[in-house]
Every structure is written in C-alpha cells, then in structure tokens.
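Enquirer: So here's my_file_10.cif, just mmCIF, C-alpha atoms and all ligand atoms:
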```cif
data_final
#
loop_
_atom_site.group_PDB
_atom_site.id
_atom_site.type_symbol
_atom_site.label_atom_id
_atom_site.label_comp_id
_atom_site.auth_asym_id
_atom_site.auth_seq_id
_atom_site.Cartn_x
_atom_site.Cartn_y
_atom_site.Cartn_z
ATOM 1 C CA MET U 9 -127.344 -6.589 -66.790
ATOM 2 C CA LEU U 10 -126.884 -3.481 -64.721
ATOM 3 C CA GLY U 11 -129.461 -2.659 -62.078
ATOM 4 C CA LYS U 12 -130.684 0.841 -61.592
ATOM 5 C CA SER U 13 -128.750 1.190 -58.349
ATOM 6 C CA ASP U 14 -125.457 0.200 -60.078
ATOM 7 C CA THR U 15 -125.968 2.948 -62.635
ATOM 8 C CA MET U 16 -126.720 5.411 -59.884
ATOM 9 C CA GLN U 17 -123.627 4.304 -58.011
ATOM 10 C CA ARG U 18 -121.440 4.766 -61.067
ATOM 11 C CA MET U 19 -122.902 8.165 -61.682
ATOM 12 C CA SER U 20 -122.296 9.304 -58.139
ATOM 13 C CA TYR U 21 -118.747 7.893 -58.349
ATOM 14 C CA ARG U 22 -118.208 10.031 -61.428
ATOM 15 C CA VAL U 23 -119.519 13.070 -59.622
ATOM 16 C CA VAL U 24 -117.105 12.460 -56.756
ATOM 17 C CA LEU U 25 -114.207 11.888 -59.154
ATOM 18 C CA CYS U 26 -115.015 15.064 -61.050
ATOM 19 C CA ALA U 27 -115.285 17.017 -57.818
ATOM 20 C CA LEU U 28 -111.864 15.708 -56.747
ATOM 21 C CA LEU U 29 -110.277 16.608 -60.067
ATOM 22 C CA CYS U 30 -111.806 20.045 -60.041
ATOM 23 C CA TRP U 31 -110.704 20.519 -56.457
ATOM 24 C CA SER U 32 -107.114 19.476 -57.194
ATOM 25 C CA THR U 33 -106.978 21.960 -60.097
ATOM 26 C CA ALA U 34 -108.220 24.647 -57.733
ATOM 27 C CA ALA U 35 -105.651 23.649 -55.103
ATOM 28 C CA ALA U 36 -102.788 24.271 -57.535
ATOM 29 C CA ALA U 37 -104.560 27.494 -58.421
ATOM 30 C CA ASP U 38 -102.998 30.248 -60.407
ATOM 31 C CA VAL U 39 -103.005 33.715 -58.942
ATOM 32 C CA ARG U 40 -106.127 35.384 -60.279
ATOM 33 C CA VAL U 41 -105.347 38.842 -61.530
ATOM 34 C CA VAL U 42 -107.632 41.460 -62.991
ATOM 35 C CA ALA U 43 -106.137 44.265 -65.073
ATOM 36 C CA THR U 44 -108.135 47.192 -66.379
ATOM 37 C CA ILE U 45 -106.533 47.399 -69.845
ATOM 38 C CA PHE U 46 -104.976 44.831 -72.187
ATOM 39 C CA PRO U 47 -101.340 46.040 -72.314
ATOM 40 C CA VAL U 48 -101.176 45.940 -68.515
ATOM 41 C CA ALA U 49 -102.757 42.459 -68.465
ATOM 42 C CA ASP U 50 -100.063 41.320 -70.896
ATOM 43 C CA LEU U 51 -97.298 42.679 -68.633
ATOM 44 C CA VAL U 52 -98.761 40.642 -65.761
ATOM 45 C CA ARG U 53 -98.752 37.508 -67.958
ATOM 46 C CA GLN U 54 -95.142 38.090 -68.989
ATOM 47 C CA ILE U 55 -94.157 38.231 -65.319
ATOM 48 C CA GLY U 56 -96.405 35.438 -64.000
ATOM 49 C CA HIS U 57 -96.523 33.062 -67.004
ATOM 50 C CA ASP U 58 -98.420 29.852 -66.087
ATOM 51 C CA ALA U 59 -98.752 30.846 -62.442
ATOM 52 C CA VAL U 60 -101.270 33.616 -63.143
ATOM 53 C CA GLU U 61 -104.708 33.738 -64.683
ATOM 54 C CA VAL U 62 -105.284 37.246 -65.975
ATOM 55 C CA THR U 63 -108.567 38.852 -66.968
ATOM 56 C CA THR U 64 -108.770 42.161 -68.825
ATOM 57 C CA LEU U 65 -111.747 44.266 -67.790
ATOM 58 C CA LEU U 66 -111.887 46.622 -70.767
ATOM 59 C CA PRO U 67 -113.397 44.745 -73.747
ATOM 60 C CA ALA U 68 -111.655 44.757 -77.160
ATOM 61 C CA GLY U 69 -112.341 47.889 -79.168
ATOM 62 C CA ALA U 70 -113.522 49.964 -76.189
ATOM 63 C CA SER U 71 -111.742 53.049 -74.836
ATOM 64 C CA PRO U 72 -110.979 53.282 -71.111
ATOM 65 C CA HIS U 73 -112.026 56.944 -71.294
ATOM 66 C CA THR U 74 -115.620 56.177 -72.243
ATOM 67 C CA PHE U 75 -116.202 52.682 -70.824
ATOM 68 C CA GLU U 76 -119.062 51.698 -68.469
ATOM 69 C CA PRO U 77 -118.607 48.332 -66.702
ATOM 70 C CA ALA U 78 -121.153 45.501 -66.985
ATOM 71 C CA PRO U 79 -121.980 42.587 -64.567
ATOM 72 C CA GLU U 80 -119.257 40.392 -66.149
ATOM 73 C CA GLN U 81 -116.600 42.903 -65.013
ATOM 74 C CA VAL U 82 -118.085 42.869 -61.499
ATOM 75 C CA ARG U 83 -117.825 39.040 -61.446
ATOM 76 C CA ALA U 84 -114.209 39.061 -62.652
ATOM 77 C CA VAL U 85 -113.210 41.457 -59.877
ATOM 78 C CA ALA U 86 -115.039 39.384 -57.252
ATOM 79 C CA GLN U 87 -112.765 36.397 -58.004
ATOM 80 C CA ALA U 88 -109.457 38.243 -58.197
ATOM 81 C CA ALA U 89 -106.573 38.230 -55.712
ATOM 82 C CA VAL U 90 -104.640 41.016 -57.450
ATOM 83 C CA PHE U 91 -106.058 44.072 -59.139
ATOM 84 C CA VAL U 92 -103.936 46.175 -61.486
ATOM 85 C CA GLU U 93 -105.205 49.567 -62.613
ATOM 86 C CA VAL U 94 -103.512 52.544 -64.238
ATOM 87 C CA GLY U 95 -105.009 55.266 -62.058
ATOM 88 C CA ALA U 96 -104.704 59.045 -62.580
ATOM 89 C CA GLY U 97 -108.314 59.105 -63.750
ATOM 90 C CA LEU U 98 -107.956 56.668 -66.677
ATOM 91 C CA ASP U 99 -109.945 53.826 -65.142
ATOM 92 C CA THR U 100 -112.040 55.377 -62.370
ATOM 93 C CA TRP U 101 -114.820 52.926 -63.332
ATOM 94 C CA ALA U 102 -112.547 50.146 -62.061
ATOM 95 C CA GLU U 103 -111.978 51.919 -58.763
ATOM 96 C CA LYS U 104 -115.721 51.607 -58.103
ATOM 97 C CA LEU U 105 -115.652 47.874 -58.927
ATOM 98 C CA ARG U 106 -112.857 47.072 -56.524
ATOM 99 C CA THR U 107 -114.050 49.202 -53.630
ATOM 100 C CA ALA U 108 -117.472 47.506 -53.835
ATOM 101 C CA ARG U 109 -115.798 44.124 -53.369
ATOM 102 C CA SER U 110 -115.226 42.486 -49.985
ATOM 103 C CA GLY U 111 -112.234 40.342 -48.950
ATOM 104 C CA PRO U 112 -108.476 40.829 -49.362
ATOM 105 C CA LEU U 113 -107.276 42.210 -52.666
ATOM 106 C CA ALA U 114 -103.773 43.399 -53.540
ATOM 107 C CA VAL U 115 -104.220 46.619 -55.524
ATOM 108 C CA VAL U 116 -101.570 48.024 -57.843
ATOM 109 C CA THR U 117 -102.142 51.552 -59.139
ATOM 110 C CA LEU U 118 -99.432 52.045 -61.746
ATOM 111 C CA ALA U 119 -99.540 55.854 -61.829
ATOM 112 C CA THR U 120 -98.995 56.095 -58.072
ATOM 113 C CA GLY U 121 -95.522 57.233 -57.114
ATOM 114 C CA LEU U 122 -94.644 58.503 -60.593
ATOM 115 C CA PRO U 123 -94.003 62.134 -61.467
ATOM 116 C CA LEU U 124 -97.013 62.564 -63.770
ATOM 117 C CA LEU U 125 -97.084 64.912 -66.726
ATOM 118 C CA GLN U 126 -99.825 67.527 -66.877
ATOM 119 C CA ALA U 127 -103.067 66.377 -68.484
ATOM 120 C CA ALA U 128 -104.072 68.489 -71.503
ATOM 121 C CA PRO U 129 -103.251 71.924 -69.989
ATOM 122 C CA GLU U 130 -105.020 73.919 -72.689
ATOM 123 C CA HIS U 131 -108.436 72.397 -71.959
ATOM 124 C CA GLY U 132 -108.162 71.175 -68.389
ATOM 125 C CA ASP U 133 -108.057 67.529 -67.472
ATOM 126 C CA PRO U 134 -109.815 65.263 -69.999
ATOM 127 C CA HIS U 135 -109.665 62.288 -67.635
ATOM 128 C CA GLY U 136 -112.090 63.207 -64.930
ATOM 129 C CA GLY U 137 -111.430 66.301 -62.865
ATOM 130 C CA GLU U 138 -108.988 68.093 -60.564
ATOM 131 C CA GLN U 139 -108.750 65.253 -58.070
ATOM 132 C CA HIS U 140 -106.592 63.339 -60.579
ATOM 133 C CA GLY U 141 -104.875 66.063 -62.572
ATOM 134 C CA GLY U 142 -102.097 63.954 -64.114
ATOM 135 C CA ASP U 143 -101.714 62.328 -67.527
ATOM 136 C CA PRO U 144 -102.399 58.590 -67.003
ATOM 137 C CA HIS U 145 -100.755 57.177 -70.198
ATOM 138 C CA VAL U 146 -97.621 55.995 -68.382
ATOM 139 C CA TRP U 147 -97.640 52.485 -69.885
ATOM 140 C CA LEU U 148 -96.704 53.915 -73.292
ATOM 141 C CA ASP U 149 -93.160 54.618 -72.062
ATOM 142 C CA PRO U 150 -91.281 51.266 -71.923
ATOM 143 C CA ILE U 151 -88.689 52.648 -69.504
ATOM 144 C CA LEU U 152 -91.334 53.782 -66.999
ATOM 145 C CA VAL U 153 -92.842 50.322 -67.428
ATOM 146 C CA ARG U 154 -89.485 48.649 -66.772
ATOM 147 C CA ASP U 155 -88.458 50.773 -63.804
ATOM 148 C CA HIS U 156 -91.803 51.393 -62.139
ATOM 149 C CA CYS U 157 -94.712 49.257 -63.401
ATOM 150 C CA VAL U 158 -92.924 45.886 -63.550
ATOM 151 C CA PRO U 159 -91.547 46.161 -59.967
ATOM 152 C CA ALA U 160 -94.990 47.245 -58.692
ATOM 153 C CA ILE U 161 -96.720 44.255 -60.348
ATOM 154 C CA LEU U 162 -93.972 41.915 -59.113
ATOM 155 C CA ARG U 163 -94.447 43.037 -55.497
ATOM 156 C CA ALA U 164 -98.204 42.406 -55.678
ATOM 157 C CA LEU U 165 -97.798 38.926 -57.214
ATOM 158 C CA ILE U 166 -95.310 37.918 -54.524
ATOM 159 C CA GLN U 167 -97.666 39.273 -51.865
ATOM 160 C CA ALA U 168 -100.507 37.159 -53.332
ATOM 161 C CA ASP U 169 -98.418 33.967 -53.614
ATOM 162 C CA PRO U 170 -95.078 34.112 -51.725
ATOM 163 C CA GLY U 171 -94.358 30.473 -52.649
ATOM 164 C CA ARG U 172 -93.847 31.474 -56.274
ATOM 165 C CA GLN U 173 -91.495 34.351 -55.588
ATOM 166 C CA ALA U 174 -88.651 32.836 -57.658
ATOM 167 C CA VAL U 175 -90.909 32.273 -60.682
ATOM 168 C CA PHE U 176 -92.209 35.842 -60.561
ATOM 169 C CA GLN U 177 -88.753 37.328 -60.066
ATOM 170 C CA GLN U 178 -87.427 35.435 -63.078
ATOM 171 C CA GLY U 179 -90.388 36.614 -65.202
ATOM 172 C CA ALA U 180 -89.880 40.215 -64.125
ATOM 173 C CA SER U 181 -86.168 40.171 -64.828
ATOM 174 C CA ASP U 182 -86.690 38.619 -68.306
ATOM 175 C CA LEU U 183 -89.320 41.240 -69.066
ATOM 176 C CA ALA U 184 -87.059 44.063 -67.869
ATOM 177 C CA ALA U 185 -84.335 42.844 -70.244
ATOM 178 C CA ALA U 186 -86.836 42.682 -73.131
ATOM 179 C CA LEU U 187 -87.978 46.243 -72.362
ATOM 180 C CA THR U 188 -84.384 47.460 -72.466
ATOM 181 C CA ARG U 189 -83.953 45.854 -75.905
ATOM 182 C CA LEU U 190 -87.267 47.370 -77.010
ATOM 183 C CA ASP U 191 -86.120 50.847 -75.941
ATOM 184 C CA THR U 192 -82.844 50.473 -77.855
ATOM 185 C CA ASP U 193 -84.705 49.321 -80.975
ATOM 186 C CA MET U 194 -87.203 52.164 -80.723
ATOM 187 C CA ARG U 195 -84.403 54.748 -80.474
ATOM 188 C CA GLY U 196 -82.741 53.133 -83.480
ATOM 189 C CA ALA U 197 -85.965 53.175 -85.506
ATOM 190 C CA LEU U 198 -86.541 56.880 -84.782
ATOM 191 C CA ALA U 199 -82.909 57.980 -85.215
ATOM 192 C CA ALA U 200 -83.286 59.098 -88.815
ATOM 193 C CA VAL U 201 -86.556 60.997 -88.287
ATOM 194 C CA THR U 202 -85.968 64.730 -88.560
ATOM 195 C CA ASN U 203 -89.497 66.189 -88.319
ATOM 196 C CA ARG U 204 -90.657 65.107 -84.846
ATOM 197 C CA ASN U 205 -93.912 67.081 -84.585
ATOM 198 C CA TYR U 206 -97.251 65.297 -84.619
ATOM 199 C CA VAL U 207 -100.942 65.916 -83.997
ATOM 200 C CA ALA U 208 -102.401 63.242 -81.708
ATOM 201 C CA PHE U 209 -105.947 61.956 -81.796
ATOM 202 C CA HIS U 210 -106.081 62.247 -78.008
ATOM 203 C CA ALA U 211 -103.266 63.146 -75.628
ATOM 204 C CA ALA U 212 -102.010 59.582 -75.126
ATOM 205 C CA TRP U 213 -98.407 59.889 -76.352
ATOM 206 C CA ARG U 214 -96.769 62.477 -74.090
ATOM 207 C CA TYR U 215 -94.675 60.040 -72.002
ATOM 208 C CA PHE U 216 -93.778 58.227 -75.212
ATOM 209 C CA GLY U 217 -92.937 61.571 -76.859
ATOM 210 C CA LYS U 218 -90.898 62.746 -73.894
ATOM 211 C CA ARG U 219 -88.866 59.538 -73.906
ATOM 212 C CA TYR U 220 -88.242 59.514 -77.669
ATOM 213 C CA ASP U 221 -88.038 63.218 -78.372
ATOM 214 C CA LEU U 222 -91.323 63.596 -80.280
ATOM 215 C CA ARG U 223 -93.548 66.643 -79.860
ATOM 216 C CA GLU U 224 -97.332 66.775 -79.626
ATOM 217 C CA VAL U 225 -98.351 70.001 -81.379
ATOM 218 C CA GLY U 226 -102.034 69.530 -80.588
ATOM 219 C CA VAL U 227 -104.805 66.967 -80.189
ATOM 220 C CA VAL U 228 -107.957 66.338 -82.222
ATOM 221 C CA GLU U 229 -110.092 65.388 -79.212
ATOM 222 C CA SER U 230 -109.218 67.062 -75.907
ATOM 223 C CA PHE U 231 -111.947 64.983 -74.304
ATOM 224 C CA PRO U 232 -111.663 61.491 -75.860
ATOM 225 C CA GLY U 233 -114.992 60.538 -77.421
ATOM 226 C CA LYS U 234 -116.156 64.143 -77.868
ATOM 227 C CA GLU U 235 -115.705 65.776 -81.285
ATOM 228 C CA PRO U 236 -113.947 69.160 -81.264
ATOM 229 C CA SER U 237 -115.787 72.388 -82.149
ATOM 230 C CA ALA U 238 -115.191 74.096 -85.508
ATOM 231 C CA ARG U 239 -113.186 76.765 -83.689
ATOM 232 C CA GLU U 240 -110.950 74.172 -82.011
ATOM 233 C CA VAL U 241 -110.368 72.453 -85.361
ATOM 234 C CA ALA U 242 -109.427 75.756 -87.010
ATOM 235 C CA ALA U 243 -106.978 76.576 -84.197
ATOM 236 C CA LEU U 244 -105.447 73.091 -84.398
ATOM 237 C CA ILE U 245 -104.977 73.361 -88.174
ATOM 238 C CA GLU U 246 -103.245 76.711 -87.745
ATOM 239 C CA GLN U 247 -100.897 75.348 -85.035
ATOM 240 C CA ALA U 248 -100.152 72.229 -87.076
ATOM 241 C CA ARG U 249 -99.321 74.262 -90.209
ATOM 242 C CA ALA U 250 -97.058 76.597 -88.228
ATOM 243 C CA ALA U 251 -95.165 73.616 -86.781
ATOM 244 C CA GLY U 252 -94.886 71.850 -90.155
ATOM 245 C CA VAL U 253 -96.714 68.780 -88.861
ATOM 246 C CA ARG U 254 -96.520 65.816 -91.221
ATOM 247 C CA ALA U 255 -98.260 63.185 -89.084
ATOM 248 C CA VAL U 256 -101.792 63.062 -87.703
ATOM 249 C CA LEU U 257 -102.483 60.097 -85.434
ATOM 250 C CA ILE U 258 -105.691 58.083 -85.381
ATOM 251 C CA GLU U 259 -106.573 55.254 -83.005
ATOM 252 C CA PRO U 260 -108.664 52.096 -83.553
ATOM 253 C CA GLN U 261 -110.882 52.898 -80.535
ATOM 254 C CA PHE U 262 -112.196 56.162 -82.035
ATOM 255 C CA THR U 263 -113.798 57.238 -85.335
ATOM 256 C CA PRO U 264 -111.151 58.814 -87.555
ATOM 257 C CA ARG U 265 -113.405 61.179 -89.538
ATOM 258 C CA MET U 266 -112.284 64.499 -88.022
ATOM 259 C CA ALA U 267 -108.599 63.511 -87.934
ATOM 260 C CA GLU U 268 -108.788 62.455 -91.595
ATOM 261 C CA GLN U 269 -110.190 65.833 -92.536
ATOM 262 C CA ILE U 270 -107.467 67.669 -90.593
ATOM 263 C CA ALA U 271 -104.719 65.520 -92.149
ATOM 264 C CA HIS U 272 -106.172 66.230 -95.577
ATOM 265 C CA ASP U 273 -106.340 69.981 -94.892
ATOM 266 C CA ILE U 274 -102.717 70.266 -93.791
ATOM 267 C CA GLY U 275 -101.340 67.661 -96.241
ATOM 268 C CA ALA U 276 -100.127 65.305 -93.506
ATOM 269 C CA HIS U 277 -99.905 61.508 -93.308
ATOM 270 C CA LEU U 278 -102.367 59.591 -91.189
ATOM 271 C CA ALA U 279 -100.855 57.064 -88.803
ATOM 272 C CA VAL U 280 -102.836 54.408 -86.987
ATOM 273 C CA VAL U 281 -101.345 54.135 -83.511
ATOM 274 C CA ASP U 282 -102.829 51.937 -80.820
ATOM 275 C CA PRO U 283 -102.415 52.593 -77.091
ATOM 276 C CA LEU U 284 -104.268 49.390 -76.156
ATOM 277 C CA GLY U 285 -103.730 46.475 -78.565
ATOM 278 C CA GLY U 286 -105.600 43.233 -77.887
ATOM 279 C CA PRO U 287 -105.230 39.438 -77.769
ATOM 280 C CA ASP U 288 -106.753 38.929 -81.234
ATOM 281 C CA LEU U 289 -104.904 41.677 -83.106
ATOM 282 C CA PRO U 290 -101.973 40.300 -85.120
ATOM 283 C CA GLY U 291 -98.799 42.279 -84.354
ATOM 284 C CA ARG U 292 -100.431 43.976 -81.363
ATOM 285 C CA SER U 293 -101.203 40.966 -79.180
ATOM 286 C CA HIS U 294 -98.367 41.535 -76.695
ATOM 287 C CA TYR U 295 -97.115 44.711 -75.052
ATOM 288 C CA LEU U 296 -93.692 44.469 -76.711
ATOM 289 C CA ASP U 297 -95.182 43.904 -80.189
ATOM 290 C CA LEU U 298 -97.692 46.687 -79.646
ATOM 291 C CA MET U 299 -94.916 49.171 -78.912
ATOM 292 C CA ARG U 300 -92.919 48.016 -81.942
ATOM 293 C CA TYR U 301 -96.044 48.478 -84.027
ATOM 294 C CA ASN U 302 -96.524 51.998 -82.666
ATOM 295 C CA VAL U 303 -92.974 53.128 -83.229
ATOM 296 C CA GLN U 304 -93.123 51.861 -86.815
ATOM 297 C CA ALA U 305 -96.373 53.793 -87.353
ATOM 298 C CA PHE U 306 -94.711 56.988 -86.069
ATOM 299 C CA VAL U 307 -91.609 56.469 -88.214
ATOM 300 C CA LYS U 308 -93.639 55.817 -91.364
ATOM 301 C CA ALA U 309 -95.859 58.866 -90.859
ATOM 302 C CA LEU U 310 -93.070 61.263 -89.855
ATOM 303 C CA GLN U 311 -90.779 60.441 -92.778
HETATM 304 ZN ZN ZN U 401 -106.088 57.756 -73.362
#
```
Output the file's structure in the form of structure tokens.
Expert:
Amino acid sequence: MLGKSDTMQRMSYRVVLCALLCWSTAAAADVRVVATIFPVADLVRQIGHDAVEVTTLLPAGASPHTFEPAPEQVRAVAQAAVFVEVGAGLDTWAEKLRTARSGPLAVVTLATGLPLLQAAPEHGDPHGGEQHGGDPHVWLDPILVRDHCVPAILRALIQADPGRQAVFQQGASDLAAALTRLDTDMRGALAAVTNRNYVAFHAAWRYFGKRYDLREVGVVESFPGKEPSAREVAALIEQARAAGVRAVLIEPQFTPRMAEQIAHDIGAHLAVVDPLGGPDLPGRSHYLDLMRYNVQAFVKALQ
C-alpha cells in the first residue's frame, strides 16, 4: 500500500519530469515570428519550415485596412523574435504593437526600400495619410516577393538564429524557384486574355496589374470599408463603360453589394479575388495557391 508521502513524491517527480521535458522543447526552440497578414506569414513558413513558429496577427476574414488589435495580438508580439509587417500604411496598428514592446526584436518592413506605386491618386491616400503615401499591396506581385520580400525575411531569420542559416537559405532558394514557376504560369494563364481592363473593389491589384499588364480602370471603395457616394458610383460606371470593362472584382473581406450593383449595371462579370487567403480556405491556404487562385479568377472574369 502506498503511503501519502510516496504519492506526493511521485507527483513531485512527475512535475520535475514535465518541467524538464518542457524546458528541453524550449531549448530547441523555433524562431518565433509574428507576421501582420496571412500571405506574409506563409512566406515565412516556406522559408523557415520546422525551424519557425509563425503567428498571424490579422484574424481570418478581417481586413488590414479596418482592423483594431486585441490583447491576444499584444501577447503574440510580446513573445516574438522576428516581426514582419508590410508597411506603407497597411498595418500601422501593428507598428503600435511592436513599438510598445521591450526587448530585442528583428523588424522586417516589406515595403521599405521598394519603389512604391502611388496610392489611389484620385482620392488621396486610402491607407492613412501623407506620411505613408505609397501603395502597400506589394505582396501581390510574386516577382517583388521573390526579389525583395524573400531576401528581407531571410536576413531577419538568420539574424534571429544564425545557427540555422543553411536551413533558411535552402528554404528561401526553394521558394524563389517556386515563385519563378508561379510567374511563368501566371503569364501563360493570362496570355490569351485580350480585354485587360478591370474595376477593383479596392486598389489592391496595381503591382499585380503592372506585372501582368492588367489595368485598373477604377475602384468601388477608395477608402476600404467605406461605401462610395452616389456621385462616385455614377462616375465609376461611366469610366468602366468607356473602357469596356468586363470584370468587377469583389473580395471576401468586404460586402459585395455595391460592386454587384455596378457589375450588373455595366453588364460585367464579378470575380472573387482574395489578397489575403487563410489557413482554413481550400485553394488559398498557401501564398502560391492563393496567387494561382487569383490569376484564375482574373482570367475567368476577363474572358
Ligand atoms: Zn488593401
């Protein structure tokens, strides 16, 4: 029969064992990375594989343009070693989270060092004022991702864990090759499209359009999350008719009502394009798949 003290001893032994196991897991710790949006988080995972633990700050279904962080985002940032944001006004809410944090943190701002396109010139900057000024949607151009974003993420991961340099370099070079194949496939998919004019839901596709020779004739919401006035809608319809627009884009993060009405009025197709994707969305759960999904949506709507 076991005495009370034996039971206690066994219990405390278990506690010690558990503590040791937990500690050894922590000792072989992955690099903790926080990324503001899902597609960027996925790029980090493709580079770091098992050596990184990546948290996405923006919850599924939310838009970075209208998001307000909660305590769980504050906690995630507090534990991170690397912080990856887009910048150019897209995720200013994240800037506040990381500057409030103490301790060393490698910060990657993807838009930094890139020649940024103008943000919505006809209505000023929809992404938060003159101090930013540029269009932040750089991740929607796979070649900018390959040549600028991937190297920037790679540098930060190596800085955070120099011992895994070879692993990270291999991941980055595999991803770069996959992005090159993606670009070739996207060009192939769009080759037969003759009418290349579209109306966007918000001005997210200008880098994408510049790379693949597609033209944004206008946008439904100049300020994402704010419905356009009747006068703006009338002007957009006129522009779209004059340009022979056949495709109006909608996005899962915003209500499609106004875009549906405009598409109906001008006799255009609606295309669901998704700048963000997410881990639980079939066909959009990795950056590469998300971009293949988007190019197919463009092709289908523009035909
Ligand atoms: Zn956007």
Enquirer: To check your reading of the model: which residues sit at most 8 Å from ligand ZN 401 (chain U) when counting all atoms listed in the file? Write the answer as a PDB file with C-alpha atoms, in the coordinates of the input.
Expert:
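Result went into part.pdb, see below:
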```pdb
ATOM      1  CA  SER U  71    -111.742  53.049 -74.836  1.00  0.00           C
ATOM      2  CA  PRO U  72    -110.979  53.282 -71.111  1.00  0.00           C
ATOM      3  CA  HIS U  73    -112.026  56.944 -71.294  1.00  0.00           C
ATOM      4  CA  LEU U  98    -107.956  56.668 -66.677  1.00  0.00           C
ATOM      5  CA  PRO U 144    -102.399  58.590 -67.003  1.00  0.00           C
ATOM      6  CA  HIS U 145    -100.755  57.177 -70.198  1.00  0.00           C
ATOM      7  CA  HIS U 210    -106.081  62.247 -78.008  1.00  0.00           C
ATOM      8  CA  ALA U 211    -103.266  63.146 -75.628  1.00  0.00           C
ATOM      9  CA  ALA U 212    -102.010  59.582 -75.126  1.00  0.00           C
ATOM     10  CA  PRO U 232    -111.663  61.491 -75.860  1.00  0.00           C
ATOM     11  CA  PRO U 283    -102.415  52.593 -77.091  1.00  0.00           C
TER      12      PRO U 283
END
```
Enquirer: Give the answer as one residue: which of U:Ile166, U:Leu148, U:Ala267, U:Ala185 has the shortest atom-to-atom distance to Val48 in chain U, using all atoms listed in the file?
Expert: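 Among U:Ile166, U:Leu148, U:Ala267, U:Ala185, it is U:Leu148 that comes nearest to Val48 in chain U.
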Enquirer: Can you work out which one of U:Thr192, U:Gln178, U:Gln173, U:Gln126 has the shortest atom-to-atom distance to Arg214 in chain U, counting all atoms listed in the file?
Expert: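 Smallest separation from Arg214 in chain U among the options: U:Gln126.
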Enquirer: Name every residue that the PyMOL selection byres (((chain U and resi 265) around 12) and not hetatm) selects in this structure, writing the answer as a ChimeraX atom specification with chains first and numbers rising.
Expert: /U:209,228-229,235-236,256-260,262-264,266-272,278
Enquirer: To one decimal place in Å, what is the distance between CA of His57 in chain U and CA of Val39 in chain U?
Expert: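 Computed distance, CA of His57 in chain U to CA of Val39 in chain U, equals 10.4 Å.
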Enquirer: Taking into account all atoms listed in the file, which residue in the set U:Thr64, U:Thr44, U:Thr117, U:Gln304 is nearest to Ala164 in chain U?
Expert: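 Looking at the shortest contact to Ala164 in chain U, the residue is U:Thr117.
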